[in-house]
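Colleague: Right, I'll just put the structure down here and ask away after.
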Amino acid sequence: MSWPGQLLKILTLHCEEASVLASRELDEPLGLAERLAVRGHTLVCRSCRRFRRQLQFLRAALNRRDAAPEENGPGHDALSPEARARIERALMQASRDHGDDSPS
Amino acid sequence: MTAEKSSDTDSQEPPALREDASAWLEQHGDALYGYARARAGTRELAEDLVQETLLAALQSRERFASRSSVRTWLFSILRHKIVDLYRRGGAGRQLAGRGEMLASQNSEQVFFTGDGFWRNAPSSWKTAEEALLDDEFWSVLEGCLGDLPRSLAQVFMLRELEQIDVEELCKILGLTPGNLRIRLHRARLLLRDCLERRWFGSRSDEAPRTP
C-alpha cells in the first residue's frame, strides 16, 4: 500500500478493521501503518480499547488454563489408579508383542 | 489391582522394555495426563492420549537417542497426538467445538454494522483479574470453548493452546494466511462475546456478588 493510502487507513479505520488488527497482533507482527492505525483508533475508541484488552486477557487466561484445576476435588490432575493400571497393562502387552522379534 | 499386575509379570517379557515403559508411566504419567486433560474435553480422551503416547514411545524407542530428556520427548509425542486429533476434527464431542454457536459465516455481520461499527459495544470487564481465581469462571470458559463452531475451535485451540505459529498452522491445516486470520478473528469475537454474556455481563452492572 502507498504511503497516502496507509495514512488514509490510519485516519479512517473503523471498529471492525480495528478488531481485525487487534486479533492479528496476537499472531504476527503488524506493519508500521497497522500499528499506528490500531493504536490511534484505540486511543479514541473506548469500545475497541476494551476489545483489545479483553483479547489480551483471553490469551493470558488460556495460558493459565494449564495450571488451573478445571474441577474441584483431589486427583483431578492425576491419572486415576484405574486408568494407570489399564495403561500399564496396555504397555506390558505391547512390550511383550514388541519383544517377539528379539529372542530372549 | 496389584494382584492383577503381578500375575501379568511373566518371564517372557524383555525386562528392559517393560521397565522403561513402566518408569515413563510412573514418572511422567500424571504430567502427561494433566497436559492432555487441559486440551481434551473428557477424562477418557485424556487417558487415551496418555496411553497412545506411551505406546508410540515404546515403538519408537530406538529412535530416541537421548538427544533430549525423556519428558521432553514424551511431551513432543503427546503434542503430535493432540495436533493430529484437532486436524482430524476431533473425536465426536470430546474436543472443544460442538458448534452450538451461530454458523461462522456471518459472525462479522452479527457483531458489526454495515459501516463497521460495533452493534453491541464491549462492556468493561471490571472483574477480569478476580475471574482467573474463580473456579466458576473456568467452567464458563470451558463452556464457551466447547460451544465454538468446530472449524473455529480447531484453529483457535491449536494457536492458543499448542502455540503453533500462524505460518506452521497454515501448513498443518492447509489454509491460506487470510483464511486463518479470519477464523482466528471470528473465534475471538465469539469467545469474547460468550464470556461477556455468561460471565462479565452479569457482573459489570450489578453489585459485587454475594457469596
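As shown in the C-alpha cells, the chain order sets the letters A, B, ...; within each chain, residues go from 1, and ligands are also counted from 1 in the order they appear.
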Which residues are close to Ile87 in chain A, i.e. within 12 Å by only C-alpha atoms, leaving aside same-chain residues fewer than 6 positions away? Reply as a VMD selection string.

Modeller: (chain A and resid 79 to 81 93 to 94) or (chain B and resid 5 21 to 22 24 to 26 29 33 44 46 to 55)

Colleague: Sorted by chain and rising residue number, which residues of chain A lie within 6 Å of chain B, and what are their closest atom pairs and distances in Å to one decimal, counting only C-alpha atoms, as CSV?

Modeller:
residue,atom,partner,partner_atom,distance
A:His14,CA,B:Gly116,CA,5.4
A:Cys15,CA,B:Phe117,CA,5.3
A:Glu16,CA,B:Gly116,CA,4.9
A:Ser23,CA,B:His185,CA,5.6
A:Ser47,CA,B:Pro122,CA,5.5
A:Asp66,CA,B:Ala38,CA,5.7
A:Asp77,CA,B:Gly34,CA,5.0
A:Ala78,CA,B:Asp30,CA,4.7
A:Leu79,CA,B:Asp30,CA,5.6
A:Ile87,CA,B:Gln51,CA,5.6
A:Ser95,CA,B:Arg18,CA,5.9
A:Arg96,CA,B:Glu13,CA,5.2

Colleague: Restricting it to N, CA and C atoms, dump the selection as a compact mmCIF listing (two decimals), in the first residue's frame.

Modeller:
# COMPACT_ATOMS: atom_id res chain seq x y z
N HIS A 14 -12.19 1.73 10.85
CA HIS A 14 -13.43 1.50 11.57
C HIS A 14 -13.23 0.43 12.63
N CYS A 15 -14.22 0.31 13.49
CA CYS A 15 -14.10 -0.64 14.60
C CYS A 15 -13.87 -2.07 14.10
N GLU A 16 -14.58 -2.44 13.04
CA GLU A 16 -14.42 -3.81 12.55
C GLU A 16 -12.98 -4.08 12.14
N SER A 23 -6.85 -8.59 16.74
CA SER A 23 -6.70 -10.04 16.72
C SER A 23 -5.36 -10.43 16.07
N SER A 47 -14.66 1.37 23.03
CA SER A 47 -15.10 0.00 22.77
C SER A 47 -13.95 -0.85 22.26
N ASP A 66 -3.69 -24.27 31.78
CA ASP A 66 -2.94 -25.47 32.10
C ASP A 66 -2.81 -25.69 33.60
N ASP A 77 -5.97 -33.79 38.47
CA ASP A 77 -4.86 -33.61 37.55
C ASP A 77 -3.93 -34.81 37.51
N ALA A 78 -4.31 -35.85 38.21
CA ALA A 78 -3.50 -37.05 38.20
C ALA A 78 -4.31 -38.18 37.56
N LEU A 79 -3.61 -39.14 37.01
CA LEU A 79 -4.27 -40.33 36.47
C LEU A 79 -4.95 -41.08 37.60
N ILE A 87 -3.42 -48.53 31.56
CA ILE A 87 -2.32 -48.15 30.68
C ILE A 87 -1.12 -49.06 30.90
N SER A 95 4.83 -54.30 25.02
CA SER A 95 6.26 -54.60 25.09
C SER A 95 6.49 -56.10 24.89
N ARG A 96 5.50 -56.91 25.25
CA ARG A 96 5.59 -58.35 25.00
C ARG A 96 5.56 -58.60 23.49

Colleague: Name the residues of range 132-186 of chain B that fall into alpha helix (DSSP H) according to DSSP on the backbone, using the chain letters and numbers of this document, as a PyMOL selection string.

Modeller: chain B and resi 135-147+150-160+166-173+177-186

Colleague: Find the residue from B:Cys170, B:Leu148, B:Val140, B:Leu158 that sits nearest to Trp199 in chain B; use only C-alpha atoms when measuring.

Modeller: B:Val140
